[in-house]
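Undergrad: What follows is the file query29.txt, containing compact mmCIF, C-alpha atoms:
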```txt
# COMPACT_ATOMS: atom_id res chain seq x y z
CA MET A 1 3.64 -54.86 -22.31
CA LYS A 2 7.23 -55.97 -22.85
CA LYS A 3 9.53 -52.96 -22.86
CA ARG A 4 12.83 -52.51 -24.60
CA ALA A 5 15.73 -52.32 -22.17
CA VAL A 6 17.53 -49.55 -24.04
CA PHE A 7 16.61 -46.72 -26.35
CA ALA A 8 17.48 -46.67 -30.03
CA LEU A 9 16.98 -43.35 -31.75
CA LEU A 10 17.58 -42.53 -35.38
CA LEU A 11 18.25 -38.97 -36.51
CA LEU A 12 18.22 -38.22 -40.21
CA LEU A 13 20.30 -35.08 -40.42
CA ALA A 14 20.37 -32.66 -43.31
CA ALA A 15 23.28 -31.82 -45.55
CA VAL A 16 26.06 -29.63 -44.22
CA ALA A 17 26.79 -26.49 -46.26
CA GLY A 18 30.27 -25.06 -46.74
CA ALA A 19 33.57 -25.60 -48.50
CA TRP A 20 35.95 -28.46 -47.81
CA THR A 21 39.72 -28.84 -47.97
CA ALA A 22 41.65 -31.21 -50.17
CA GLY A 23 40.55 -34.84 -50.30
CA VAL A 24 43.63 -36.18 -48.54
CA LYS A 25 43.07 -33.94 -45.55
CA LEU A 26 39.37 -34.72 -45.52
CA HIS A 27 39.88 -38.47 -45.43
CA ALA A 28 42.50 -38.13 -42.72
CA ALA A 29 39.98 -36.60 -40.33
CA ALA A 30 36.83 -38.11 -41.82
CA ASP A 31 36.00 -40.32 -38.85
CA GLN A 32 37.02 -37.83 -36.16
CA VAL A 33 33.58 -36.37 -35.51
CA THR A 34 33.11 -34.67 -32.16
CA LEU A 35 29.98 -33.45 -30.39
CA THR A 36 30.06 -30.49 -28.01
CA ARG A 37 27.35 -30.78 -25.36
CA ARG A 38 25.57 -27.85 -23.71
CA GLU A 39 23.33 -28.82 -20.80
CA LEU A 40 20.25 -26.58 -20.66
CA TYR A 41 18.36 -28.43 -17.94
CA GLY A 42 19.07 -31.35 -15.63
CA ARG A 43 22.05 -33.63 -16.03
CA ALA A 44 23.11 -35.93 -18.85
CA ASP A 45 23.14 -38.84 -16.38
CA ALA A 46 19.35 -38.95 -16.77
CA ALA A 47 19.91 -40.19 -20.34
CA ARG A 48 22.06 -43.16 -19.35
CA GLY A 49 21.62 -46.18 -21.62
CA LEU A 50 20.44 -43.99 -24.48
CA THR A 51 22.09 -44.45 -27.87
CA LEU A 52 21.59 -42.29 -30.93
CA THR A 53 22.57 -43.01 -34.52
CA LEU A 54 23.11 -39.91 -36.65
CA HIS A 55 23.24 -39.98 -40.44
CA SER A 56 24.88 -36.84 -41.83
CA ALA A 57 25.54 -36.09 -45.49
CA TYR A 58 27.24 -33.49 -47.67
CA ARG A 59 25.71 -33.14 -51.15
CA ASN A 60 24.68 -36.79 -51.01
CA ARG A 61 28.28 -37.86 -51.70
CA LEU A 62 30.01 -37.72 -48.32
CA LEU A 63 28.17 -39.72 -45.67
CA TRP A 64 28.82 -40.08 -41.94
CA THR A 65 27.15 -42.51 -39.55
CA THR A 66 27.87 -41.51 -35.97
CA THR A 67 26.91 -43.49 -32.88
CA ALA A 68 26.50 -41.23 -29.86
CA ASP A 69 25.18 -41.18 -26.32
CA ALA A 70 24.25 -38.34 -23.99
CA GLN A 71 27.94 -37.66 -23.33
CA GLY A 72 28.98 -37.26 -26.97
CA ALA A 73 30.19 -39.14 -30.05
CA LEU A 74 31.30 -42.76 -29.60
CA GLU A 75 32.18 -43.90 -33.12
CA THR A 76 31.91 -42.56 -36.67
CA GLN A 77 32.02 -44.39 -39.98
CA PHE A 78 32.71 -42.35 -43.14
CA THR A 79 31.86 -43.21 -46.75
CA ALA A 80 32.59 -41.21 -49.93
CA PHE A 81 30.49 -41.79 -53.04
CA PRO A 82 31.42 -40.71 -56.58
CA ALA A 83 29.43 -38.01 -58.32
CA GLN A 84 25.73 -38.72 -58.77
CA ALA A 85 25.94 -41.73 -56.50
CA GLY A 86 24.71 -41.89 -52.93
CA ALA A 87 22.37 -43.62 -50.62
CA GLU A 88 18.67 -43.75 -51.38
CA VAL A 89 16.05 -43.95 -48.66
CA ALA A 90 13.43 -46.64 -49.22
CA VAL A 91 9.83 -45.54 -48.79
CA SER A 92 7.65 -48.15 -47.14
CA SER A 93 4.55 -46.09 -46.45
CA TYR A 94 1.93 -44.63 -48.76
CA SER A 95 -0.03 -41.40 -48.44
CA GLY A 96 -3.34 -42.97 -49.48
CA LEU A 97 -6.12 -40.67 -50.61
CA GLU A 98 -5.77 -36.90 -50.50
CA MET A 99 -8.69 -34.64 -51.44
CA TYR A 100 -8.61 -30.85 -51.61
CA THR A 101 -10.99 -28.14 -52.74
CA MET A 102 -9.67 -26.40 -55.88
CA LEU A 103 -10.29 -22.69 -55.43
CA ASP A 104 -6.95 -21.12 -54.51
CA GLN A 105 -4.89 -21.66 -57.64
CA GLY A 106 -3.86 -20.04 -60.88
CA MET A 107 -5.49 -21.34 -64.05
CA ASP A 108 -4.69 -21.24 -67.74
CA PRO A 109 -7.62 -22.36 -69.94
CA SER A 110 -5.24 -22.73 -72.91
CA ASP A 111 -3.46 -25.47 -70.95
CA GLY A 112 -6.70 -27.22 -70.07
CA VAL A 113 -6.62 -26.15 -66.40
CA THR A 114 -10.07 -24.84 -65.58
CA LEU A 115 -12.73 -25.32 -62.93
CA PRO A 116 -16.21 -26.34 -64.07
CA GLY A 117 -18.45 -23.35 -63.42
CA LEU A 118 -15.69 -20.91 -62.59
CA ASP A 119 -14.37 -21.06 -66.15
CA THR A 120 -17.68 -19.42 -67.11
CA ALA A 121 -17.10 -16.66 -64.56
CA LEU A 122 -13.58 -16.12 -65.91
CA GLU A 123 -14.87 -15.90 -69.47
CA GLU A 124 -17.31 -13.21 -68.33
CA LEU A 125 -14.51 -11.32 -66.63
CA SER A 126 -12.37 -11.60 -69.74
CA ALA A 127 -15.10 -10.13 -71.91
CA ALA A 128 -15.33 -7.13 -69.55
CA THR A 129 -11.54 -6.52 -69.35
CA PRO A 130 -9.96 -4.09 -71.88
CA ASN A 131 -6.83 -5.16 -73.72
CA GLY A 132 -3.57 -4.42 -71.91
CA GLN A 133 -5.16 -4.26 -68.46
CA GLU A 134 -5.52 -6.37 -65.34
CA THR A 135 -8.68 -6.63 -63.28
CA GLU A 136 -10.32 -8.64 -60.54
CA GLN A 137 -13.86 -9.36 -59.42
CA THR A 138 -15.40 -10.94 -56.32
CA ILE A 139 -18.27 -13.36 -56.89
CA TYR A 140 -20.48 -15.64 -54.83
CA LEU A 141 -19.52 -19.24 -55.56
CA ARG A 142 -23.14 -20.41 -55.43
CA ASP A 143 -23.88 -18.30 -58.50
CA TYR A 144 -21.63 -20.59 -60.53
CA LEU A 145 -21.09 -23.83 -58.56
CA ASP A 146 -23.43 -26.24 -56.79
CA TYR A 147 -20.63 -28.34 -55.29
CA TYR A 148 -17.00 -27.73 -54.43
CA PRO A 149 -14.62 -28.82 -57.20
CA LEU A 150 -12.10 -31.30 -55.83
CA THR A 151 -8.66 -32.44 -56.78
CA LEU A 152 -7.64 -35.95 -55.74
CA GLN A 153 -4.36 -37.76 -55.36
CA LEU A 154 -4.19 -41.47 -54.58
CA GLU A 155 -1.02 -43.34 -53.66
CA LEU A 156 -1.04 -47.10 -53.06
CA PRO A 157 1.61 -49.81 -53.58
CA GLY A 158 2.77 -49.45 -57.19
CA TYR A 159 0.01 -46.91 -57.91
CA TRP A 160 0.03 -43.12 -58.05
CA GLN A 161 -2.55 -40.96 -59.79
CA MET A 162 -3.38 -37.26 -59.55
CA LEU A 163 -6.71 -36.06 -60.93
CA ASP A 164 -5.39 -32.71 -62.22
CA ASP A 165 -2.73 -34.49 -64.24
CA ILE A 166 -5.24 -37.00 -65.60
CA LEU A 167 -7.62 -34.32 -66.85
CA ARG A 168 -4.81 -32.27 -68.36
CA ARG A 169 -3.50 -35.26 -70.36
CA TRP A 170 -6.82 -36.99 -71.01
CA ASP A 171 -6.57 -36.89 -74.82
CA GLN A 172 -3.07 -38.31 -74.66
CA LEU A 173 -4.03 -41.32 -72.56
CA SER A 174 -4.60 -44.74 -74.06
CA PRO A 175 -8.05 -46.33 -73.67
CA GLN A 176 -6.63 -48.61 -70.96
CA GLU A 177 -5.11 -45.64 -69.13
CA GLN A 178 -8.39 -43.75 -69.40
CA GLN A 179 -10.25 -46.70 -67.91
CA THR A 180 -7.79 -46.82 -65.00
CA ALA A 181 -8.07 -43.08 -64.51
CA ARG A 182 -11.86 -43.24 -64.56
CA ASP A 183 -11.76 -44.87 -61.11
CA LEU A 184 -10.27 -41.72 -59.61
CA ILE A 185 -12.76 -39.50 -61.42
CA ASP A 186 -15.66 -41.60 -60.12
CA LEU A 187 -14.26 -41.43 -56.60
CA GLY A 188 -14.05 -37.65 -56.73
CA GLU A 189 -17.58 -37.33 -58.04
CA TYR A 190 -18.94 -39.21 -55.01
CA PHE A 191 -17.82 -36.63 -52.45
CA LYS A 192 -20.23 -33.83 -53.28
CA ILE A 193 -20.21 -31.06 -50.70
CA PRO A 194 -22.60 -28.16 -51.48
CA VAL A 195 -20.94 -24.76 -51.70
CA LEU A 196 -21.62 -22.44 -48.78
CA GLU A 197 -24.20 -19.82 -49.67
CA GLU A 198 -22.06 -17.03 -48.20
CA GLU A 199 -18.67 -18.08 -49.59
CA ARG A 200 -17.14 -15.65 -52.02
CA CYS A 201 -14.23 -15.97 -54.42
CA THR A 202 -11.99 -13.33 -56.01
CA LEU A 203 -11.15 -13.81 -59.69
CA SER A 204 -8.16 -12.11 -61.28
CA LEU A 205 -7.29 -11.73 -64.95
CA GLY A 206 -4.67 -9.97 -67.05
CA LYS A 207 -4.90 -9.24 -70.78
CA GLY A 208 -2.16 -8.44 -73.25
CA GLU A 209 -2.39 -5.72 -75.89
CA ASP A 210 -3.32 -8.42 -78.41
CA GLY A 211 -6.40 -9.33 -76.36
CA ARG A 212 -5.08 -12.68 -75.19
CA ALA A 213 -5.33 -13.45 -71.50
CA TRP A 214 -1.90 -14.04 -69.96
CA HIS A 215 -3.10 -14.63 -66.41
CA TRP A 216 -6.11 -16.29 -64.84
CA GLY A 217 -6.47 -16.92 -61.12
CA THR A 218 -8.83 -17.52 -58.21
CA GLY A 219 -8.51 -16.90 -54.49
CA SER A 220 -10.67 -16.86 -51.39
CA ALA A 221 -12.26 -13.55 -50.46
CA GLU A 222 -12.96 -12.37 -46.93
CA GLY A 223 -15.63 -14.31 -45.06
CA ASP A 224 -16.32 -17.94 -44.31
CA SER A 225 -14.93 -20.66 -46.61
CA TYR A 226 -14.45 -24.41 -46.73
CA SER A 227 -11.24 -26.28 -47.52
CA MET A 228 -11.44 -30.07 -47.56
CA TRP A 229 -8.58 -31.94 -45.92
CA THR A 230 -8.22 -35.73 -45.64
CA VAL A 231 -6.38 -38.19 -43.41
CA SER A 232 -5.57 -41.71 -44.65
CA ALA A 233 -4.20 -45.02 -43.42
CA VAL A 234 -3.05 -47.60 -45.97
CA THR A 235 -2.99 -51.28 -45.02
CA SER A 236 -2.07 -54.34 -47.06
CA GLU A 237 -5.63 -54.58 -48.41
CA ALA A 238 -7.29 -51.17 -48.26
CA CYS A 239 -7.01 -47.43 -47.84
CA TYR A 240 -9.02 -46.02 -44.92
CA PHE A 241 -9.73 -42.30 -44.89
CA THR A 242 -11.97 -39.50 -43.74
CA PHE A 243 -12.11 -35.73 -44.24
CA THR A 244 -12.83 -32.50 -42.42
CA THR A 245 -16.33 -31.01 -42.39
CA LEU A 246 -15.62 -27.73 -40.59
CA THR A 247 -15.46 -24.37 -42.33
CA GLN A 248 -12.91 -21.70 -41.53
CA GLU A 249 -15.31 -20.13 -39.03
CA GLY A 250 -16.21 -23.47 -37.43
CA LYS A 251 -19.52 -24.13 -39.16
CA VAL A 252 -20.41 -27.60 -40.44
CA VAL A 253 -20.80 -28.25 -44.17
CA ASP A 254 -23.71 -30.22 -45.60
CA THR A 255 -22.89 -33.92 -46.04
CA GLY A 256 -26.44 -34.96 -46.92
CA ASP A 257 -25.57 -35.82 -50.53
CA LEU A 258 -23.17 -38.60 -49.48
CA SER A 259 -25.15 -41.80 -50.06
CA LEU A 260 -22.97 -43.81 -47.66
CA GLY A 261 -23.09 -41.12 -45.00
CA TYR A 262 -20.11 -39.40 -43.38
CA GLY A 263 -17.33 -41.07 -41.41
CA VAL A 264 -14.33 -43.33 -41.93
CA TYR A 265 -14.37 -44.98 -45.38
CA ARG A 266 -12.69 -48.11 -46.68
CA LEU A 267 -11.38 -48.19 -50.26
CA PRO A 268 -10.16 -51.75 -50.97
CA TYR A 269 -7.58 -52.52 -53.63
CA GLU A 270 -6.13 -55.59 -55.28
CA LEU A 271 -2.61 -56.23 -56.55
CA ASP A 272 -1.80 -57.37 -60.07
CA GLU A 273 0.95 -59.83 -60.98
CA PHE A 274 3.53 -57.02 -60.80
CA GLY A 275 2.51 -55.94 -57.30
CA ALA A 276 0.76 -52.77 -58.46
CA ALA A 277 -2.51 -51.83 -56.79
CA ARG A 278 -5.84 -51.36 -58.53
CA PRO A 279 -8.35 -49.43 -56.40
CA LEU A 280 -11.79 -51.04 -56.24
CA VAL A 281 -13.81 -47.83 -56.22
CA GLU A 282 -17.07 -49.66 -56.75
CA GLU A 283 -16.54 -51.36 -53.36
CA LEU A 284 -16.12 -48.13 -51.38
CA GLU A 285 -17.83 -48.49 -48.00
CA LEU A 286 -18.35 -46.68 -44.70
CA VAL A 287 -16.84 -48.62 -41.79
CA TYR A 288 -17.41 -46.13 -38.97
CA PRO A 289 -19.92 -43.25 -38.96
CA LEU A 290 -18.92 -39.86 -37.56
CA GLU A 291 -20.93 -36.86 -36.52
CA PRO A 292 -20.15 -34.01 -38.96
CA GLY A 293 -18.31 -31.24 -37.15
CA VAL A 294 -15.73 -33.42 -35.38
CA GLN A 295 -12.25 -31.97 -35.74
CA ILE A 296 -10.19 -34.58 -37.56
CA LEU A 297 -6.53 -34.80 -36.53
CA ASN A 298 -5.12 -38.10 -37.75
CA LEU A 299 -5.96 -41.65 -38.79
CA GLN A 300 -3.63 -44.63 -38.61
CA ALA A 301 -3.71 -48.41 -38.57
CA SER A 302 -2.39 -50.44 -35.65
CA PRO A 303 0.84 -52.38 -36.35
CA ASP A 304 -1.11 -55.61 -36.94
CA GLU A 305 -3.74 -53.74 -39.05
CA SER A 306 -6.59 -55.12 -36.92
CA ARG A 307 -7.55 -51.69 -35.55
CA LEU A 308 -7.84 -48.12 -36.76
CA LEU A 309 -6.75 -45.29 -34.49
CA LEU A 310 -8.72 -42.11 -35.11
CA HIS A 311 -7.43 -38.94 -33.45
CA THR A 312 -9.98 -36.13 -33.03
CA GLY A 313 -10.58 -32.93 -31.13
CA GLU A 314 -14.01 -32.73 -29.51
CA GLY A 315 -15.32 -30.38 -26.85
CA GLY A 316 -11.88 -29.09 -25.95
CA ARG A 317 -10.46 -32.62 -25.51
CA TYR A 318 -8.05 -34.73 -27.53
CA LEU A 319 -9.71 -38.14 -28.09
CA LEU A 320 -8.31 -41.38 -29.49
CA THR A 321 -10.96 -43.71 -30.87
CA VAL A 322 -9.94 -47.35 -31.42
CA ILE A 323 -12.04 -48.78 -34.27
CA ASP A 324 -12.53 -52.40 -35.27
CA PRO A 325 -13.13 -52.00 -39.03
CA ALA A 326 -14.35 -55.59 -39.40
CA ALA A 327 -17.05 -55.04 -36.80
CA ARG A 328 -17.64 -51.44 -37.91
CA ALA A 329 -17.62 -50.31 -34.31
CA ALA A 330 -15.48 -48.46 -31.78
CA VAL A 331 -13.96 -50.70 -29.12
CA GLN A 332 -12.50 -47.84 -27.07
CA ILE A 333 -12.58 -44.04 -26.82
CA LEU A 334 -9.63 -42.69 -24.83
CA ASP A 335 -9.93 -39.15 -23.44
CA ALA A 336 -6.23 -38.27 -23.53
CA ALA A 337 -5.65 -34.57 -22.92
CA PRO A 338 -6.97 -31.01 -23.17
CA TYR A 339 -7.01 -29.71 -26.72
CA ASP A 340 -7.19 -26.21 -28.15
CA PRO A 341 -8.61 -26.30 -31.71
CA ASP A 342 -6.65 -23.14 -32.56
CA SER A 343 -3.31 -24.66 -31.56
CA GLY A 344 -0.92 -27.04 -33.29
CA TRP A 345 -0.75 -30.82 -32.88
CA ARG A 346 1.82 -33.40 -33.91
CA LEU A 347 1.67 -37.19 -33.66
CA TYR A 348 4.58 -39.63 -33.57
CA SER A 349 4.04 -43.37 -33.83
CA GLN A 350 6.77 -45.81 -32.76
CA GLY A 351 5.39 -49.33 -32.89
CA ASP A 352 4.11 -50.03 -29.39
CA PHE A 353 3.55 -46.42 -28.32
CA LEU A 354 2.35 -43.04 -29.58
CA ALA A 355 3.45 -39.58 -28.53
CA ALA A 356 1.28 -36.55 -29.20
CA VAL A 357 2.91 -33.14 -28.96
CA LEU A 358 0.26 -30.50 -28.34
CA GLU A 359 0.80 -26.76 -28.48
CA GLY A 360 0.42 -25.40 -25.02
CA ASP A 361 3.48 -27.44 -24.01
CA THR A 362 1.84 -30.83 -23.42
CA LEU A 363 3.22 -34.30 -24.19
CA ALA A 364 0.85 -37.27 -24.16
CA VAL A 365 2.41 -40.75 -24.21
CA ILE A 366 -0.03 -43.52 -25.19
CA THR A 367 0.87 -47.21 -25.18
CA LEU A 368 -0.63 -49.79 -27.54
CA GLU A 369 -1.48 -52.85 -25.52
CA PRO A 370 -1.37 -56.46 -26.82
CA ASP A 371 -5.18 -56.75 -26.67
CA GLY A 372 -5.53 -53.83 -29.10
CA SER A 373 -6.51 -51.24 -26.51
CA CYS A 374 -4.68 -48.00 -25.73
CA GLU A 375 -3.56 -46.61 -22.38
CA LEU A 376 -2.52 -43.08 -21.42
CA ALA A 377 0.86 -43.69 -19.79
CA HIS A 378 1.98 -40.10 -19.16
CA LEU A 379 0.74 -36.55 -19.58
CA TRP A 380 3.70 -34.21 -19.16
CA ASP A 381 4.25 -30.48 -19.37
CA ALA A 382 7.08 -29.92 -21.81
CA TRP A 383 8.80 -27.41 -19.53
CA PRO A 384 9.09 -27.08 -15.76
CA PRO A 385 7.08 -24.09 -14.48
CA GLU A 386 10.27 -22.29 -13.45
CA ARG A 387 11.89 -22.65 -16.91
CA GLU A 388 9.50 -21.14 -19.41
CA ASP A 389 12.54 -19.94 -21.37
CA LEU A 390 13.24 -23.48 -22.61
CA ALA A 391 12.07 -24.52 -26.07
CA PHE A 392 12.73 -26.97 -28.88
CA SER A 393 11.14 -27.69 -32.23
CA ALA A 394 8.45 -30.39 -32.23
CA TRP A 395 8.96 -31.09 -35.96
CA ASP A 396 10.63 -34.25 -37.25
CA LEU A 397 11.42 -35.80 -33.91
CA ALA A 398 13.09 -39.13 -33.29
CA LEU A 399 11.84 -40.68 -30.07
CA ASP A 400 11.66 -43.83 -27.96
CA TYR A 401 10.05 -44.96 -24.72
CA ASP A 402 11.11 -47.76 -22.35
CA GLY A 403 8.07 -47.80 -20.10
CA GLU A 404 9.40 -45.07 -17.79
CA ARG A 405 11.47 -42.64 -19.81
CA LEU A 406 10.54 -40.82 -23.00
CA ALA A 407 13.43 -39.55 -25.11
CA LEU A 408 13.02 -36.95 -27.85
CA ALA A 409 15.70 -35.84 -30.28
CA GLY A 410 15.50 -33.39 -33.15
CA ILE A 411 17.53 -31.08 -35.36
CA LEU A 412 18.45 -27.65 -34.06
CA ASP A 413 17.64 -24.65 -36.22
CA ASP A 414 20.64 -22.80 -37.62
CA GLU A 415 21.18 -19.06 -37.25
CA ALA A 416 18.71 -18.34 -40.05
CA GLY A 417 16.02 -20.52 -38.51
CA TYR A 418 16.38 -23.45 -40.92
CA GLN A 419 16.97 -27.13 -40.18
CA TRP A 420 18.18 -28.53 -43.48
CA ASP A 421 21.61 -26.83 -43.32
CA THR A 422 22.64 -28.15 -39.93
CA CYS A 423 23.53 -31.45 -38.28
CA ASN A 424 23.33 -30.14 -34.71
CA TYR A 425 20.63 -31.64 -32.52
CA PHE A 426 18.94 -31.56 -29.15
CA LEU A 427 18.09 -34.41 -26.76
CA ALA A 428 15.32 -34.28 -24.16
CA VAL A 429 14.42 -36.96 -21.61
CA TYR A 430 11.19 -37.14 -19.59
CA GLN A 431 10.61 -39.30 -16.54
CA GLY A 432 8.54 -39.18 -13.36
CA GLU A 433 7.04 -35.69 -13.09
CA GLY A 434 8.39 -34.40 -16.40
CA LEU A 435 11.60 -33.10 -17.99
CA VAL A 436 14.77 -34.45 -16.39
CA TYR A 437 17.32 -33.52 -19.08
CA LEU A 438 17.62 -31.20 -22.07
CA GLY A 439 20.88 -30.77 -23.93
CA GLU A 440 22.10 -29.33 -27.22
CA TYR A 441 24.83 -31.03 -29.25
CA ILE A 442 26.99 -29.14 -31.75
CA ASN A 443 28.45 -31.42 -34.43
CA SER A 444 31.99 -30.72 -35.64
CA LEU A 445 30.80 -31.41 -39.21
CA TYR A 446 28.69 -28.27 -38.96
```
Just give me the structure as structure tokens.

TA:
Amino acid sequence: MKKRAVFALLLLLAAVAGAWTAGVKLHAAADQVTLTRRELYGRADAARGLTLTLHSAYRNRLLWTTTADAQGALETQFTAFPAQAGAEVAVSSYSGLEMYTMLDQGMDPSDGVTLPGLDTALEELSAATPNGQETEQTIYLRDYLDYYPLTLQLELPGYWQMLDDILRRWDQLSPQEQQTARDLIDLGEYFKIPVLEEERCTLSLGKGEDGRAWHWGTGSAEGDSYSMWTVSAVTSEACYFTFTTLTQEGKVVDTGDLSLGYGVYRLPYELDEFGAARPLVEELELVYPLEPGVQILNLQASPDESRLLLHTGEGGRYLLTVIDPAARAAVQILDAAPYDPDSGWRLYSQGDFLAAVLEGDTLAVITLEPDGSCELAHLWDAWPPEREDLAFSAWDLALDYDGERLALAGILDDEAGYQWDTCNYFLAVYQGEGLVYLGEYINSLY
């Protein structure tokens, strides 16, 4: 694989809070940004050739673009926008299909927000609740529901629909809008998962002195429960997705009512003359079967869209399955690292490589080869054994890899533990046996 000779990292830094001096003084020092480095491990020389670009903003009106290396700031450009102006970030990716079970939410029947089956249970509770009082009751879901009620959200190029919103505004939609929305309703009705026999739900209700209910709500009770969660990958022609089949206690739900079977699905779409997608729900198909009970972590398309990369946890291992959707078959299953199902997991994709950050202080670097296969390049402990005191946040990382070194950069938490009010950052470099440099950088804008 051809490797880039230098790193290029991009940090999107949050707005800086605080008061500023007069505009003349501000502009005079606007481009004089300094970075104070604190070396926590190793030496900054290990990050030679590394360049970072930091975008900092204050209330979306004052913008700084700072080029830096491991030693500190090199150059800063400053721009001031008038009120209500500012830079907008273009979104080039789409979330695809998201499906969730609809049990933990407040409901107001007067607003049209109800759950088929559970609205009956709430009406029964209302009839048994005296005026001016609040009450709650725990029920078995199977007494009222055969299948889990789902909410769906689908985002494709030029297309966004949310099932809850559709049902709430159904009478206000035009016949054409109703026909378009019907596709999402039909899609949701396909994924019928029978309710667990032992799952219980707690209903809550409050009544005013006039007898009108002012509060309706549902929530999970103690015991096993199922919450559907989906992962999606949107390509130029289709949305690929799958969903979890494990309950909270690790049991497997019944997928026998799915006529296509369970696995990775393909939902094709077509674009109209305005570039807006129309999902072809009637052409939904299964492109790769899965055994129910697999722990789903992530699904993505390769850069050329010829392969799907399915990340799963199975038998205490983190596996990456490379799928050829045209052939409906797996071309590779890479056993990458140990995996604890009760721990966290984050994936970062950067074109020709992937980096998985696993709780338990493990970094897995996986390269995407030209032939479509994947290769485990490195498996590193995040911290040297003698420095267990070191730590950094694995959220919202910028990273790059040149074939030997992996660089990670991210925003430092402020004193209150938040990231969006600071433009300070950390930089970590891994090479050879593991961590060779970790430094913190305090930005003068902060």

Undergrad: Find the residues around A:Tyr94 up to 8 Å (only C-alpha atoms counted), leave out those fewer than 6 positions away in its own chain, and share them as a list of chain:residue names.

TA: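 Those residues are A:Glu155, A:Leu156, A:Pro157, A:Val234.
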
Undergrad: I'd like the contact shell of A:Ala47 - 9 Å cut-off, all atoms listed in the file, skipping same-chain residues fewer than 6 positions apart - returned as number ranges by chain.

TA: A: 69-71, 405, 407, 427-429, 436-437

Undergrad: Please report the interatomic distance between atom CA of A:Gln179 and atom CA of A:Leu118 in Å with one decimal.

TA: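 Atom CA of A:Gln179 sits 26.9 Å away from atom CA of A:Leu118.
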
Undergrad: When you count all atoms listed in the file, which of these residues is closest to A:Val33: A:Asn443, A:Ser349, A:Ser95, A:Thr151?

TA: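 That would be A:Asn443, the residue with the smallest distance to A:Val33.
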
Undergrad: What's the separation between atom CA of A:Asn298 and atom CA of A:Arg346, in Å to one decimal place?

TA: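 Atom-to-atom, atom CA of A:Asn298 to atom CA of A:Arg346, that is 9.2 Å.
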
Undergrad: Could you tell me how far atom CA of A:Asp304 sits from atom CA of A:Gly158, in Å to one decimal place?

TA: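 Computed distance, atom CA of A:Gly158 to atom CA of A:Asp304, equals 21.5 Å.
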
Undergrad: Using all atoms listed in the file, give me every residue within 12 Å of (-3.3, -27.8, -24.9) in file coordinates, as a PyMOL selection string.

TA: chain A and resi 313+316-318+336-346+356-364+379-382

Undergrad: Taking (-7.1, -10.2, -58.9) in the file's coordinates as the center, which residues reach within 6 Å of it, counting all atoms listed in the file, put as a PyMOL selection string?

TA: chain A and resi 135-136+203-204

Undergrad: Would you mind telling me which residue in A:Leu196, A:Ala181, A:Ile139, A:Leu319 lies nearest to A:Pro279 when using all atoms listed in the file?

TA: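 Closest to A:Pro279 of all the choices is A:Ala181.
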
Undergrad: Compile the contact shell of A:Asn424 as a tab-separated table (two decimals) with C-alpha atoms, keeping the file's coordinate frame: residues with an atom at most 10 Å away, counting only C-alpha atoms, same-chain residues fewer than 5 positions apart removed.

TA:
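What landed in selection15.tsv:
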```
chain	number	residue	atom	x	y	z
A	13	LEU	CA	20.30	-35.08	-40.42
A	14	ALA	CA	20.37	-32.66	-43.31
A	16	VAL	CA	26.06	-29.63	-44.22
A	35	LEU	CA	29.98	-33.45	-30.39
A	36	THR	CA	30.06	-30.49	-28.01
A	54	LEU	CA	23.11	-39.91	-36.65
A	56	SER	CA	24.88	-36.84	-41.83
A	410	GLY	CA	15.50	-33.39	-33.15
A	411	ILE	CA	17.53	-31.08	-35.36
A	412	LEU	CA	18.45	-27.65	-34.06
A	413	ASP	CA	17.64	-24.65	-36.22
A	414	ASP	CA	20.64	-22.80	-37.62
A	419	GLN	CA	16.97	-27.13	-40.18
A	440	GLU	CA	22.10	-29.33	-27.22
A	441	TYR	CA	24.83	-31.03	-29.25
A	442	ILE	CA	26.99	-29.14	-31.75
A	443	ASN	CA	28.45	-31.42	-34.43
A	444	SER	CA	31.99	-30.72	-35.64
A	445	LEU	CA	30.80	-31.41	-39.21
A	446	TYR	CA	28.69	-28.27	-38.96
```

Undergrad: Out of A:Leu246, A:Ala128, A:Leu297, A:Leu50, which residue has the shortest atom-to-atom distance to A:Ala213 when counting all atoms listed in the file?

TA: A:Ala128

Undergrad: Which centre and which edge lengths, in Å to one decimal, describe the axis-aligned box that holds all listed atoms of stretch 371-380 of chain A after 8 Å is added on each side, as lines of an AutoDock Vina configuration file?

TA:
```
center_x = -1.4
center_y = -45.5
center_z = -24.1
size_x = 26.2
size_y = 38.5
size_z = 25.9
```

Undergrad: Can you tell me which residues surround A:Cys201 at a distance of at most 8 Å, considering all atoms listed in the file, apart from same-chain residues fewer than 2 positions away, and format the answer as a list in words?

TA: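 Result of the neighbour search: Leu103, Thr138, Ile139, Tyr140, Leu141, Glu199, Leu203, Thr218, Gly219, Ser220 and Ala221 of chain A.
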
Undergrad: Write a file of the selected residues as a PDB file, in the coordinates of the input, keeping C-alpha atoms.

TA:
```pdb
ATOM      1  CA  LEU A 103     -10.290 -22.690 -55.430  1.00  0.00           C
ATOM      2  CA  THR A 138     -15.400 -10.940 -56.320  1.00  0.00           C
ATOM      3  CA  ILE A 139     -18.270 -13.360 -56.890  1.00  0.00           C
ATOM      4  CA  TYR A 140     -20.480 -15.640 -54.830  1.00  0.00           C
ATOM      5  CA  LEU A 141     -19.520 -19.240 -55.560  1.00  0.00           C
ATOM      6  CA  GLU A 199     -18.670 -18.080 -49.590  1.00  0.00           C
ATOM      7  CA  LEU A 203     -11.150 -13.810 -59.690  1.00  0.00           C
ATOM      8  CA  THR A 218      -8.830 -17.520 -58.210  1.00  0.00           C
ATOM      9  CA  GLY A 219      -8.510 -16.900 -54.490  1.00  0.00           C
ATOM     10  CA  SER A 220     -10.670 -16.860 -51.390  1.00  0.00           C
ATOM     11  CA  ALA A 221     -12.260 -13.550 -50.460  1.00  0.00           C
TER      12      ALA A 221
END
```
